[in-house]
>>> print(open('query_29.pdb').read())   # PDB, C-alpha atoms and all ligand atoms
MODEL        1
ATOM      1  CA  MET L 288     -40.792  -3.982 -38.928
ATOM      2  CA  LYS L 289     -44.481  -3.282 -38.633
ATOM      3  CA  TYR L 290     -46.635  -6.391 -38.966
ATOM      4  CA  ALA L 291     -50.355  -6.884 -39.454
ATOM      5  CA  LEU L 292     -52.239  -9.598 -37.538
ATOM      6  CA  VAL L 293     -55.495 -10.819 -39.052
ATOM      7  CA  THR L 294     -57.501 -13.148 -36.830
ATOM      8  CA  GLY L 295     -59.560 -15.667 -38.778
ATOM      9  CA  GLY L 296     -57.260 -15.026 -41.734
ATOM     10  CA  SER L 297     -57.505 -18.502 -43.232
ATOM     11  CA  ARG L 298     -60.782 -18.067 -45.090
ATOM     12  CA  GLY L 299     -63.480 -15.656 -46.251
ATOM     13  CA  ILE L 300     -63.183 -11.998 -45.339
ATOM     14  CA  GLY L 301     -60.011 -12.608 -43.309
ATOM     15  CA  ARG L 302     -58.207 -14.148 -46.296
ATOM     16  CA  ALA L 303     -59.105 -11.152 -48.472
ATOM     17  CA  VAL L 304     -57.882  -8.811 -45.708
ATOM     18  CA  CYS L 305     -54.555 -10.687 -45.540
ATOM     19  CA  LEU L 306     -54.110 -10.192 -49.290
ATOM     20  CA  GLN L 307     -55.082  -6.525 -49.079
ATOM     21  CA  LEU L 308     -52.681  -5.711 -46.229
ATOM     22  CA  ALA L 309     -49.855  -7.731 -47.777
ATOM     23  CA  GLY L 310     -50.399  -5.730 -50.963
ATOM     24  CA  MET L 311     -49.928  -2.568 -48.894
ATOM     25  CA  GLY L 312     -46.515  -3.861 -47.815
ATOM     26  CA  TYR L 313     -47.281  -5.370 -44.423
ATOM     27  CA  PRO L 314     -45.881  -8.756 -43.515
ATOM     28  CA  VAL L 315     -49.038 -10.545 -42.418
ATOM     29  CA  ILE L 316     -49.639 -12.923 -39.514
ATOM     30  CA  ILE L 317     -52.459 -15.286 -40.432
ATOM     31  CA  ASN L 318     -54.329 -16.488 -37.357
ATOM     32  CA  TYR L 319     -56.912 -19.265 -37.572
ATOM     33  CA  SER L 320     -58.490 -21.901 -35.418
ATOM     34  CA  SER L 321     -58.009 -25.321 -37.031
ATOM     35  CA  ASN L 322     -58.222 -25.148 -40.826
ATOM     36  CA  HIS L 323     -54.528 -25.502 -41.568
ATOM     37  CA  GLU L 324     -55.056 -26.227 -45.267
ATOM     38  CA  ALA L 325     -57.019 -23.029 -45.803
ATOM     39  CA  ALA L 326     -54.384 -21.033 -43.898
ATOM     40  CA  LEU L 327     -51.618 -22.507 -46.055
ATOM     41  CA  ALA L 328     -53.605 -21.570 -49.157
ATOM     42  CA  THR L 329     -53.918 -17.984 -47.891
ATOM     43  CA  ARG L 330     -50.179 -17.823 -47.277
ATOM     44  CA  GLN L 331     -49.505 -19.147 -50.758
ATOM     45  CA  LEU L 332     -51.798 -16.527 -52.317
ATOM     46  CA  VAL L 333     -49.979 -13.784 -50.395
ATOM     47  CA  GLU L 334     -46.589 -15.101 -51.494
ATOM     48  CA  GLU L 335     -47.704 -15.420 -55.127
ATOM     49  CA  LYS L 336     -48.410 -11.686 -55.038
ATOM     50  CA  GLY L 337     -44.950 -10.981 -53.678
ATOM     51  CA  GLY L 338     -46.025 -10.522 -50.049
ATOM     52  CA  LYS L 339     -44.869 -12.129 -46.823
ATOM     53  CA  ALA L 340     -47.033 -14.110 -44.437
ATOM     54  CA  GLU L 341     -46.657 -16.425 -41.483
ATOM     55  CA  LEU L 342     -49.165 -18.713 -39.793
ATOM     56  CA  LEU L 343     -50.087 -18.341 -36.126
ATOM     57  CA  PRO L 344     -52.929 -20.693 -35.180
ATOM     58  CA  PHE L 345     -54.606 -20.175 -31.832
ATOM     59  CA  ASP L 346     -58.099 -20.008 -30.373
ATOM     60  CA  VAL L 347     -58.864 -16.300 -29.941
ATOM     61  CA  ALA L 348     -61.427 -17.165 -27.249
ATOM     62  CA  SER L 349     -58.782 -18.696 -24.967
ATOM     63  CA  LYS L 350     -56.808 -16.231 -22.854
ATOM     64  CA  GLU L 351     -54.046 -18.787 -22.313
ATOM     65  CA  ALA L 352     -53.787 -19.615 -26.021
ATOM     66  CA  VAL L 353     -53.692 -15.923 -26.977
ATOM     67  CA  ASP L 354     -51.000 -15.120 -24.406
ATOM     68  CA  LYS L 355     -48.886 -18.122 -25.361
ATOM     69  CA  ALA L 356     -49.058 -17.459 -29.107
ATOM     70  CA  LEU L 357     -48.441 -13.720 -28.907
ATOM     71  CA  SER L 358     -45.627 -13.932 -26.375
ATOM     72  CA  GLY L 359     -43.994 -16.651 -28.519
ATOM     73  CA  TRP L 360     -44.322 -14.417 -31.569
ATOM     74  CA  ALA L 361     -42.800 -11.446 -29.712
ATOM     75  CA  ASP L 362     -39.856 -13.591 -28.521
ATOM     76  CA  ASN L 363     -39.141 -14.588 -32.121
ATOM     77  CA  HIS L 364     -39.489 -11.008 -33.376
ATOM     78  CA  PRO L 365     -37.550  -8.807 -30.934
ATOM     79  CA  ASP L 366     -37.254  -5.928 -33.446
ATOM     80  CA  ASP L 367     -40.795  -6.061 -34.802
ATOM     81  CA  TYR L 368     -44.247  -5.173 -33.576
ATOM     82  CA  ILE L 369     -47.840  -5.585 -34.663
ATOM     83  CA  ALA L 370     -49.020  -2.191 -35.891
ATOM     84  CA  VAL L 371     -52.257  -3.302 -37.557
ATOM     85  CA  LEU L 372     -54.690  -5.603 -35.794
ATOM     86  CA  VAL L 373     -57.793  -6.852 -37.560
ATOM     87  CA  ASN L 374     -60.066  -8.642 -35.088
ATOM     88  CA  ASN L 375     -61.937 -10.628 -37.691
ATOM     89  CA  ALA L 376     -62.377 -14.145 -36.241
ATOM     90  CA  GLY L 377     -66.024 -14.905 -35.604
ATOM     91  CA  ILE L 378     -68.604 -17.648 -35.738
ATOM     92  CA  ARG L 379     -72.372 -17.950 -36.018
ATOM     93  CA  GLN L 380     -74.435 -20.478 -34.073
ATOM     94  CA  ASP L 381     -77.990 -19.376 -34.682
ATOM     95  CA  ALA L 382     -80.962 -20.428 -32.557
ATOM     96  CA  MET L 383     -84.073 -18.768 -31.237
ATOM     97  CA  MET L 384     -83.260 -17.672 -27.710
ATOM     98  CA  VAL L 385     -85.818 -19.965 -26.159
ATOM     99  CA  PHE L 386     -83.861 -22.926 -27.546
ATOM    100  CA  MET L 387     -80.350 -21.489 -27.206
ATOM    101  CA  GLN L 388     -77.797 -23.659 -25.427
ATOM    102  CA  ASP L 389     -75.135 -22.323 -23.063
ATOM    103  CA  THR L 390     -72.406 -23.388 -25.485
ATOM    104  CA  GLN L 391     -74.036 -21.460 -28.355
ATOM    105  CA  TRP L 392     -74.008 -18.322 -26.233
ATOM    106  CA  GLU L 393     -70.499 -18.824 -24.841
ATOM    107  CA  GLU L 394     -68.759 -19.855 -28.054
ATOM    108  CA  VAL L 395     -70.192 -17.030 -30.138
ATOM    109  CA  LEU L 396     -69.328 -14.407 -27.516
ATOM    110  CA  GLY L 397     -65.964 -16.087 -26.988
ATOM    111  CA  ALA L 398     -64.843 -15.800 -30.609
ATOM    112  CA  SER L 399     -66.013 -12.239 -31.264
ATOM    113  CA  LEU L 400     -65.954 -10.478 -27.896
ATOM    114  CA  SER L 401     -63.417 -12.262 -25.662
ATOM    115  CA  GLY L 402     -61.118 -12.631 -28.671
ATOM    116  CA  PHE L 403     -61.254  -8.895 -29.249
ATOM    117  CA  PHE L 404     -60.421  -8.230 -25.573
ATOM    118  CA  TYR L 405     -57.583 -10.712 -25.042
ATOM    119  CA  ILE L 406     -55.722  -9.848 -28.236
ATOM    120  CA  THR L 407     -56.253  -6.100 -28.286
ATOM    121  CA  ARG L 408     -55.281  -5.630 -24.636
ATOM    122  CA  ARG L 409     -52.006  -7.346 -25.272
ATOM    123  CA  LEU L 410     -51.055  -5.623 -28.539
ATOM    124  CA  LEU L 411     -52.074  -2.134 -27.420
ATOM    125  CA  LYS L 412     -48.974  -1.709 -25.259
ATOM    126  CA  ASP L 413     -46.609  -1.658 -28.249
ATOM    127  CA  MET L 414     -48.947   0.517 -30.319
ATOM    128  CA  LEU L 415     -49.193   3.079 -27.528
ATOM    129  CA  SER L 416     -45.474   3.205 -26.851
ATOM    130  CA  LYS L 417     -44.669   3.473 -30.594
ATOM    131  CA  ARG L 418     -47.480   6.019 -31.030
ATOM    132  CA  SER L 419     -48.780   4.227 -34.095
ATOM    133  CA  GLY L 420     -51.478   1.648 -34.483
ATOM    134  CA  ARG L 421     -54.625   0.619 -36.287
ATOM    135  CA  ILE L 422     -57.277  -1.612 -34.734
ATOM    136  CA  ILE L 423     -60.129  -2.716 -36.980
ATOM    137  CA  ASN L 424     -62.926  -4.845 -35.551
ATOM    138  CA  MET L 425     -65.164  -6.920 -37.807
ATOM    139  CA  VAL L 426     -68.703  -6.530 -36.493
ATOM    140  CA  SER L 427     -71.967  -6.956 -38.392
ATOM    141  CA  VAL L 428     -75.287  -5.500 -39.392
ATOM    142  CA  SER L 429     -76.591  -7.872 -36.682
ATOM    143  CA  GLY L 430     -74.786  -5.857 -34.026
ATOM    144  CA  LEU L 431     -76.428  -2.642 -35.217
ATOM    145  CA  LYS L 432     -79.929  -3.813 -36.013
ATOM    146  CA  GLY L 433     -80.270  -7.116 -34.169
ATOM    147  CA  LEU L 434     -81.456 -10.153 -36.130
ATOM    148  CA  PRO L 435     -83.900 -12.813 -34.923
ATOM    149  CA  GLY L 436     -82.198 -16.150 -34.247
ATOM    150  CA  GLN L 437     -78.975 -14.309 -33.488
ATOM    151  CA  THR L 438     -79.289 -12.920 -29.965
ATOM    152  CA  ASN L 439     -75.838 -14.377 -29.203
ATOM    153  CA  TYR L 440     -74.210 -13.026 -32.367
ATOM    154  CA  SER L 441     -76.000  -9.669 -32.204
ATOM    155  CA  ALA L 442     -74.968  -9.268 -28.549
ATOM    156  CA  ALA L 443     -71.347 -10.119 -29.321
ATOM    157  CA  LYS L 444     -71.118  -7.685 -32.224
ATOM    158  CA  ALA L 445     -72.981  -4.892 -30.410
ATOM    159  CA  ALA L 446     -70.597  -5.299 -27.476
ATOM    160  CA  VAL L 447     -67.586  -4.961 -29.754
ATOM    161  CA  ILE L 448     -69.140  -1.804 -31.221
ATOM    162  CA  GLY L 449     -69.390  -0.306 -27.714
ATOM    163  CA  ALA L 450     -65.825  -1.316 -26.924
ATOM    164  CA  THR L 451     -64.608   0.186 -30.218
ATOM    165  CA  LYS L 452     -66.109   3.557 -29.338
ATOM    166  CA  ALA L 453     -64.756   3.517 -25.779
ATOM    167  CA  LEU L 454     -61.258   2.377 -26.702
ATOM    168  CA  ALA L 455     -60.976   4.927 -29.506
ATOM    169  CA  GLN L 456     -61.345   7.657 -26.886
ATOM    170  CA  GLU L 457     -58.735   6.064 -24.616
ATOM    171  CA  VAL L 458     -55.996   5.821 -27.234
ATOM    172  CA  GLY L 459     -56.659   8.582 -29.782
ATOM    173  CA  ALA L 460     -54.020  10.916 -28.351
ATOM    174  CA  ARG L 461     -51.361   8.251 -28.970
ATOM    175  CA  LYS L 462     -52.173   8.048 -32.689
ATOM    176  CA  VAL L 463     -53.858   4.688 -32.389
ATOM    177  CA  THR L 464     -57.195   4.502 -34.210
ATOM    178  CA  VAL L 465     -59.947   2.004 -33.435
ATOM    179  CA  ASN L 466     -62.803   1.405 -35.843
ATOM    180  CA  ALA L 467     -65.409  -1.229 -36.625
ATOM    181  CA  VAL L 468     -66.508  -2.494 -40.022
ATOM    182  CA  ALA L 469     -70.089  -3.780 -40.186
ATOM    183  CA  PRO L 470     -70.725  -6.003 -43.225
ATOM    184  CA  GLY L 471     -74.157  -7.086 -44.375
ATOM    185  CA  TYR L 472     -74.304 -10.364 -46.315
ATOM    186  CA  ILE L 473     -70.898 -11.313 -47.727
ATOM    187  CA  ALA L 474     -70.326 -14.450 -49.840
ATOM    188  CA  THR L 475     -68.185 -16.691 -47.584
ATOM    189  CA  ASP L 476     -68.473 -20.056 -45.853
ATOM    190  CA  MET L 477     -70.389 -18.304 -43.067
ATOM    191  CA  THR L 478     -73.273 -17.451 -45.395
ATOM    192  CA  LYS L 479     -73.207 -20.450 -47.723
ATOM    193  CA  ASP L 480     -76.208 -22.044 -45.980
ATOM    194  CA  LEU L 481     -78.348 -18.935 -46.590
ATOM    195  CA  ASP L 482     -80.771 -18.532 -49.495
ATOM    196  CA  GLU L 483     -79.007 -15.834 -51.489
ATOM    197  CA  ASN L 484     -81.768 -15.615 -54.091
ATOM    198  CA  ALA L 485     -84.381 -14.827 -51.435
ATOM    199  CA  LEU L 486     -82.166 -12.508 -49.411
ATOM    200  CA  LYS L 487     -80.845 -10.480 -52.314
ATOM    201  CA  THR L 488     -84.325  -9.120 -52.958
ATOM    202  CA  LEU L 489     -83.916  -7.269 -49.633
ATOM    203  CA  ILE L 490     -80.578  -5.740 -50.623
ATOM    204  CA  PRO L 491     -80.823  -2.524 -52.655
ATOM    205  CA  VAL L 492     -77.657  -3.366 -54.616
ATOM    206  CA  GLY L 493     -79.227  -6.763 -55.398
ATOM    207  CA  ARG L 494     -76.427  -9.157 -54.436
ATOM    208  CA  PHE L 495     -74.214 -10.411 -51.619
ATOM    209  CA  GLY L 496     -70.961  -8.507 -51.134
ATOM    210  CA  MET L 497     -67.532  -9.939 -51.905
ATOM    211  CA  PRO L 498     -64.799 -10.425 -49.287
ATOM    212  CA  GLU L 499     -62.484  -8.234 -51.390
ATOM    213  CA  GLU L 500     -64.928  -5.312 -51.079
ATOM    214  CA  VAL L 501     -64.755  -5.546 -47.281
ATOM    215  CA  ALA L 502     -60.981  -5.925 -47.437
ATOM    216  CA  ALA L 503     -60.630  -2.716 -49.449
ATOM    217  CA  LEU L 504     -62.416  -0.810 -46.677
ATOM    218  CA  VAL L 505     -60.209  -2.429 -44.032
ATOM    219  CA  GLY L 506     -57.166  -1.456 -46.096
ATOM    220  CA  PHE L 507     -58.265   2.161 -46.166
ATOM    221  CA  LEU L 508     -58.855   2.224 -42.400
ATOM    222  CA  ALA L 509     -55.382   0.722 -41.914
ATOM    223  CA  SER L 510     -53.749   3.367 -44.102
ATOM    224  CA  GLU L 511     -52.159   6.691 -43.149
ATOM    225  CA  GLN L 512     -54.977   8.528 -44.965
ATOM    226  CA  ALA L 513     -57.435   7.278 -42.349
ATOM    227  CA  ALA L 514     -55.567   8.843 -39.394
ATOM    228  CA  TYR L 515     -58.509  11.137 -38.563
ATOM    229  CA  ILE L 516     -61.157   8.403 -38.564
ATOM    230  CA  THR L 517     -61.614   6.736 -35.190
ATOM    231  CA  GLY L 518     -64.421   5.394 -33.027
ATOM    232  CA  GLN L 519     -66.561   4.784 -36.110
ATOM    233  CA  VAL L 520     -68.696   1.898 -37.285
ATOM    234  CA  ILE L 521     -68.631   1.783 -41.070
ATOM    235  CA  SER L 522     -71.326  -0.283 -42.740
ATOM    236  CA  ILE L 523     -70.700  -2.175 -45.967
ATOM    237  CA  ASN L 524     -73.968  -3.855 -46.843
ATOM    238  CA  GLY L 525     -75.236  -2.905 -50.313
ATOM    239  CA  GLY L 526     -77.717  -0.521 -48.725
ATOM    240  CA  LEU L 527     -79.382  -3.217 -46.600
ATOM    241  CA  TYR L 528     -79.410  -1.143 -43.455
ATOM    242  CA  THR L 529     -78.128   2.310 -42.538
TER
HETATM  243  P1  LIG B 601     -65.715 -17.633 -42.266
HETATM  244  O1  LIG B 601     -65.539 -17.715 -43.738
HETATM  245  O2  LIG B 601     -66.608 -18.606 -41.570
HETATM  246  O3  LIG B 601     -64.247 -17.695 -41.597
HETATM  247  C1  LIG B 601     -64.132 -17.601 -40.209
HETATM  248  C2  LIG B 601     -62.678 -17.439 -39.857
HETATM  249  O4  LIG B 601     -62.571 -17.262 -38.422
HETATM  250  C3  LIG B 601     -61.836 -18.647 -40.188
HETATM  251  O5  LIG B 601     -60.555 -18.191 -40.541
HETATM  252  C4  LIG B 601     -61.788 -19.420 -38.866
HETATM  253  O6  LIG B 601     -60.633 -20.266 -38.741
HETATM  254  C5  LIG B 601     -61.695 -18.244 -37.904
HETATM  255  N1  LIG B 601     -62.107 -18.555 -36.524
HETATM  256  C6  LIG B 601     -63.341 -18.908 -36.067
HETATM  257  N2  LIG B 601     -63.323 -19.084 -34.742
HETATM  258  C7  LIG B 601     -62.051 -18.856 -34.338
HETATM  259  C8  LIG B 601     -61.384 -18.899 -33.084
HETATM  260  N3  LIG B 601     -62.030 -19.209 -31.954
HETATM  261  N4  LIG B 601     -60.056 -18.603 -33.051
HETATM  262  C9  LIG B 601     -59.374 -18.293 -34.194
HETATM  263  N5  LIG B 601     -59.954 -18.223 -35.401
HETATM  264  C10 LIG B 601     -61.272 -18.516 -35.478
HETATM  265  O7  LIG B 601     -66.245 -16.203 -41.825
HETATM  266  P2  LIG B 601     -66.370 -14.811 -42.622
HETATM  267  O8  LIG B 601     -67.673 -14.773 -43.280
HETATM  268  O9  LIG B 601     -65.133 -14.549 -43.398
HETATM  269  O10 LIG B 601     -66.467 -13.808 -41.376
HETATM  270  C11 LIG B 601     -65.368 -13.071 -40.894
HETATM  271  C12 LIG B 601     -65.879 -12.058 -39.880
HETATM  272  O11 LIG B 601     -66.836 -11.204 -40.498
HETATM  273  C13 LIG B 601     -66.578 -12.687 -38.678
HETATM  274  O12 LIG B 601     -66.279 -11.964 -37.509
HETATM  275  C14 LIG B 601     -68.048 -12.520 -39.022
HETATM  276  O13 LIG B 601     -68.840 -12.495 -37.863
HETATM  277  C15 LIG B 601     -68.026 -11.205 -39.749
HETATM  278  N6  LIG B 601     -69.166 -11.006 -40.646
HETATM  279  C16 LIG B 601     -69.376 -11.822 -41.711
HETATM  280  C17 LIG B 601     -70.467 -11.584 -42.537
HETATM  281  C18 LIG B 601     -70.752 -12.441 -43.741
HETATM  282  O14 LIG B 601     -71.806 -12.242 -44.356
HETATM  283  N7  LIG B 601     -69.899 -13.360 -44.135
HETATM  284  C19 LIG B 601     -71.334 -10.529 -42.270
HETATM  285  C20 LIG B 601     -71.089  -9.729 -41.180
HETATM  286  C21 LIG B 601     -69.992  -9.954 -40.375
HETATM  287  P3  LIG B 601     -60.642 -21.778 -39.360
HETATM  288  O15 LIG B 601     -60.491 -21.614 -40.845
HETATM  289  O16 LIG B 601     -59.468 -22.431 -38.719
HETATM  290  O17 LIG B 601     -61.963 -22.381 -38.981
ENDMDL
END
>>> encode(input="query_29.pdb", output="structure tokens", more="lines below")
Ligand code: NAP
Amino acid sequence: MKYALVTGGSRGIGRAVCLQLAGMGYPVIINYSSNHEAALATRQLVEEKGGKAELLPFDVASKEAVDKALSGWADNHPDDYIAVLVNNAGIRQDAMMVFMQDTQWEEVLGASLSGFFYITRRLLKDMLSKRSGRIINMVSVSGLKGLPGQTNYSAAKAAVIGATKALAQEVGARKVTVNAVAPGYIATDMTKDLDENALKTLIPVGRFGMPEEVAALVGFLASEQAAYITGQVISINGGLYT
């Protein structure tokens, strides 16, 4: 069977992506870091809609944890493979660069950039040999435009954009597509400390986006209809930045 793995699937955009892909018929692997309750709630929502989901907690930034979790999963699923990978896990730790601590740099790059590398490298082998795969990387308007206070986050997301474009060219002939989705402000835990009323005046559509709106785009990129789209960064930001 073809599975979908969603990193950071316990909450926010990742939860909505799990529901979207499960609705498209994929059994979903919900990765998360530590919020077991939220992951269980995501699984329950998937099951209530008639889908299938399993939990696979691991720290995407740890090579050892990624290898251990994914090799364990493969051992338990000898006839299955992960055909859709959504590299969604990410964190923000904002600070002006002059005050930025080593850990703020390392942890933000770890979750978005190292996570992308460790997981994708491993899952690519099956996708290439089966000649079928979809890789969708969650980046950000910050990685396109750069935002003050986010040199770490902007660097991580811009790096994933570069990797998306390079990898798409490596694997296109094997029917594996690689794209990035770049949200603007989406209403999740990650943005709950922001002043939505002030920020929405900057957004042409006049509001924050919903996780389900991002998930619908991810679902399209994961579908057969999107077979000719690869190496792209698709913004979903209410017109904030193009
Ligand atoms: P969120 O609500 O804060 O959820 C973050 C998710 O990532 C959680 O499932 C969390 O797991 C998981 N996670 C964090 N670090 C991890 C690690 N090291 N290993 C495994 N899982 C980890 O975030 P969100 O707003 O949905 O954001 C999802 C993605 O979209 C991120 O990559 C973010 O950068 C990007 N994005 C978000 C926005 C926005 O406005 N919200 C805009 C642009 C881009 P736990 O539940 O266990 O903590």
>>> closest_residue(input="query_29.pdb", among="L:Ala446, L:Met311, L:Val293, L:Val385", to="Phe345 of chain L", atoms="all atoms listed in the file")
L:Val293
>>> atom_distance(input="query_29.pdb", atom1="atom CA of Ala443 of chain L", atom2="atom CA of Gly397 of chain L")
8.4 Å
>>> atom_distance(input="query_29.pdb", atom1="atom CA of Ala453 of chain L", atom2="atom C1 of ligand LIG 601 (chain B)")
25.6 Å
>>> atom_distance(input="query_29.pdb", atom1="atom CA of Gly449 of chain L", atom2="atom CA of Tyr368 of chain L")
26.3 Å
>>> closest_residue(input="query_29.pdb", among="L:Gly518, L:Gly433, L:Gly506, L:Pro498", to="Ala474 of chain L", atoms="only C-alpha atoms")
L:Pro498
>>> closest_atom_pairs(input="query_29.pdb", of="chain L", to="ligand LIG 601 (chain B)", cutoff="8 Å", atoms="all atoms listed in the file", output="tab-separated table")
residue	atom	partner	partner_atom	distance
L:Thr294	CA	B:LIG601	N5	5.8
L:Gly295	CA	B:LIG601	O5	3.2
L:Gly296	CA	B:LIG601	O5	4.7
L:Ser297	CA	B:LIG601	O5	4.1
L:Arg298	CA	B:LIG601	O5	4.6
L:Gly299	CA	B:LIG601	O9	3.5
L:Ile300	CA	B:LIG601	O9	3.8
L:Gly301	CA	B:LIG601	O9	5.5
L:Arg302	CA	B:LIG601	O5	7.4
L:Asn318	CA	B:LIG601	N5	6.2
L:Tyr319	CA	B:LIG601	N5	3.9
L:Ser320	CA	B:LIG601	O16	3.5
L:Ser321	CA	B:LIG601	O16	3.7
L:Asn322	CA	B:LIG601	O16	3.7
L:His323	CA	B:LIG601	O16	6.5
L:Ala325	CA	B:LIG601	O15	6.2
L:Ala326	CA	B:LIG601	O15	6.9
L:Pro344	CA	B:LIG601	C9	6.9
L:Phe345	CA	B:LIG601	C9	5.6
L:Asp346	CA	B:LIG601	N4	3.6
L:Val347	CA	B:LIG601	N4	4.0
L:Ala348	CA	B:LIG601	N3	5.2
L:Ser349	CA	B:LIG601	N3	7.7
L:Asn374	CA	B:LIG601	O12	7.4
L:Asn375	CA	B:LIG601	O12	4.5
L:Ala376	CA	B:LIG601	O4	3.8
L:Gly377	CA	B:LIG601	O12	3.5
L:Ile378	CA	B:LIG601	C6	5.4
L:Arg379	CA	B:LIG601	O13	6.8
L:Glu394	CA	B:LIG601	N3	7.8
L:Gly397	CA	B:LIG601	N3	7.1
L:Ala398	CA	B:LIG601	N3	4.6
L:Ser399	CA	B:LIG601	O12	6.3
L:Gly402	CA	B:LIG601	N3	7.4
L:Met425	CA	B:LIG601	O12	5.2
L:Val426	CA	B:LIG601	C21	5.3
L:Ser427	CA	B:LIG601	C20	4.0
L:Val428	CA	B:LIG601	C20	6.2
L:Ser429	CA	B:LIG601	C20	7.3
L:Tyr440	CA	B:LIG601	O13	7.7
L:Lys444	CA	B:LIG601	O13	7.8
L:Ala469	CA	B:LIG601	C20	6.1
L:Pro470	CA	B:LIG601	C20	4.3
L:Gly471	CA	B:LIG601	C19	4.9
L:Tyr472	CA	B:LIG601	O14	3.7
L:Ile473	CA	B:LIG601	O14	3.6
L:Ala474	CA	B:LIG601	N7	5.8
L:Thr475	CA	B:LIG601	O8	4.7
L:Asp476	CA	B:LIG601	O1	4.3
L:Met477	CA	B:LIG601	O2	4.1
L:Thr478	CA	B:LIG601	N7	5.5
L:Phe495	CA	B:LIG601	O14	7.9
L:Gly496	CA	B:LIG601	O14	7.8
L:Pro498	CA	B:LIG601	O9	7.2
>>> closest_residue(input="query_29.pdb", among="L:Leu527, L:Lys452, L:Ile423, L:Ala382", to="Phe403 of chain L", atoms="all atoms listed in the file")
L:Ile423
>>> residues_near_point(input="query_29.pdb", point="(-46.9, -15.9, -39.5)", cutoff="9 Å", atoms="only C-alpha atoms", output="VMD selection string")
chain L and resid 292 314 to 318 330 339 to 344 360
>>> closest_residue(input="query_29.pdb", among="L:Asp413, L:Glu324, L:Glu351, L:Glu393", to="Ile369 of chain L", atoms="only C-alpha atoms")
L:Asp413
>>> closest_residue(input="query_29.pdb", among="L:Ala450, L:Leu332, L:Ala513, L:Val458", to="Ser401 of chain L", atoms="all atoms listed in the file")
L:Ala450
>>> resolve_selection(input="query_29.pdb", expression="the PyMOL selection byres (((chain L and resi 519) around 9) and not hetatm)", output="mmCIF file with C-alpha atoms, in the coordinates of the input")
data_model
loop_
_atom_site.group_PDB
_atom_site.id
_atom_site.type_symbol
_atom_site.label_atom_id
_atom_site.label_comp_id
_atom_site.auth_asym_id
_atom_site.auth_seq_id
_atom_site.Cartn_x
_atom_site.Cartn_y
_atom_site.Cartn_z
ATOM 1 C CA ILE L 448 -69.140 -1.804 -31.221
ATOM 2 C CA THR L 451 -64.608 0.186 -30.218
ATOM 3 C CA LYS L 452 -66.109 3.557 -29.338
ATOM 4 C CA ALA L 455 -60.976 4.927 -29.506
ATOM 5 C CA VAL L 465 -59.947 2.004 -33.435
ATOM 6 C CA ASN L 466 -62.803 1.405 -35.843
ATOM 7 C CA ALA L 467 -65.409 -1.229 -36.625
ATOM 8 C CA VAL L 468 -66.508 -2.494 -40.022
ATOM 9 C CA ILE L 516 -61.157 8.403 -38.564
ATOM 10 C CA THR L 517 -61.614 6.736 -35.190
ATOM 11 C CA GLY L 518 -64.421 5.394 -33.027
ATOM 12 C CA VAL L 520 -68.696 1.898 -37.285
ATOM 13 C CA ILE L 521 -68.631 1.783 -41.070
#
>>> closest_residue(input="query_29.pdb", among="L:Ala503, L:Ser441, L:Ala514, L:Leu327", to="Leu306 of chain L", atoms="all atoms listed in the file")
L:Ala503
>>> residues_around(input="query_29.pdb", residues="Glu483 of chain L", least_positions_apart="3", cutoff="8 Å", atoms="all atoms listed in the file", output="MDAnalysis selection string")
chainID L and resid 486:487 494:495
>>> resolve_selection(input="query_29.pdb", expression="the PyMOL selection byres (((chain L and resi 419) around 12) and not hetatm)", output="PyMOL selection string")
chain L and resi 289-290+368-372+410-418+420-422+458-465+509-511+514
>>> write_last_selection(input="query_29.pdb", atoms="C-alpha atoms", output="CSV table (one decimal), keeping the file's coordinate frame")
chain,number,residue,atom,x,y,z
L,289,LYS,CA,-44.5,-3.3,-38.6
L,290,TYR,CA,-46.6,-6.4,-39.0
L,368,TYR,CA,-44.2,-5.2,-33.6
L,369,ILE,CA,-47.8,-5.6,-34.7
L,370,ALA,CA,-49.0,-2.2,-35.9
L,371,VAL,CA,-52.3,-3.3,-37.6
L,372,LEU,CA,-54.7,-5.6,-35.8
L,410,LEU,CA,-51.1,-5.6,-28.5
L,411,LEU,CA,-52.1,-2.1,-27.4
L,412,LYS,CA,-49.0,-1.7,-25.3
L,413,ASP,CA,-46.6,-1.7,-28.2
L,414,MET,CA,-48.9,0.5,-30.3
L,415,LEU,CA,-49.2,3.1,-27.5
L,416,SER,CA,-45.5,3.2,-26.9
L,417,LYS,CA,-44.7,3.5,-30.6
L,418,ARG,CA,-47.5,6.0,-31.0
L,420,GLY,CA,-51.5,1.6,-34.5
L,421,ARG,CA,-54.6,0.6,-36.3
L,422,ILE,CA,-57.3,-1.6,-34.7
L,458,VAL,CA,-56.0,5.8,-27.2
L,459,GLY,CA,-56.7,8.6,-29.8
L,460,ALA,CA,-54.0,10.9,-28.4
L,461,ARG,CA,-51.4,8.3,-29.0
L,462,LYS,CA,-52.2,8.0,-32.7
L,463,VAL,CA,-53.9,4.7,-32.4
L,464,THR,CA,-57.2,4.5,-34.2
L,465,VAL,CA,-59.9,2.0,-33.4
L,509,ALA,CA,-55.4,0.7,-41.9
L,510,SER,CA,-53.7,3.4,-44.1
L,511,GLU,CA,-52.2,6.7,-43.1
L,514,ALA,CA,-55.6,8.8,-39.4
>>> axis_aligned_box(input="query_29.pdb", around="segment 358-370 of chain L", padding_each_side="4 Å", output="AutoDock Vina command-line options")
--center_x -43.1 --center_y -9.4 --center_z -31.1 --size_x 19.8 --size_y 22.5 --size_z 17.5
>>> residues_around(input="query_29.pdb", residues="Gly310 of chain L", least_positions_apart="2", cutoff="9 Å", atoms="only C-alpha atoms", output="compact mmCIF listing (two decimals) with C-alpha atoms, in the coordinates of the input")
# COMPACT_ATOMS: atom_id res chain seq x y z
CA CYS L 305 -54.56 -10.69 -45.54
CA LEU L 306 -54.11 -10.19 -49.29
CA GLN L 307 -55.08 -6.52 -49.08
CA LEU L 308 -52.68 -5.71 -46.23
CA GLY L 312 -46.52 -3.86 -47.82
CA TYR L 313 -47.28 -5.37 -44.42
CA VAL L 333 -49.98 -13.78 -50.40
CA LYS L 336 -48.41 -11.69 -55.04
CA GLY L 337 -44.95 -10.98 -53.68
CA GLY L 338 -46.02 -10.52 -50.05
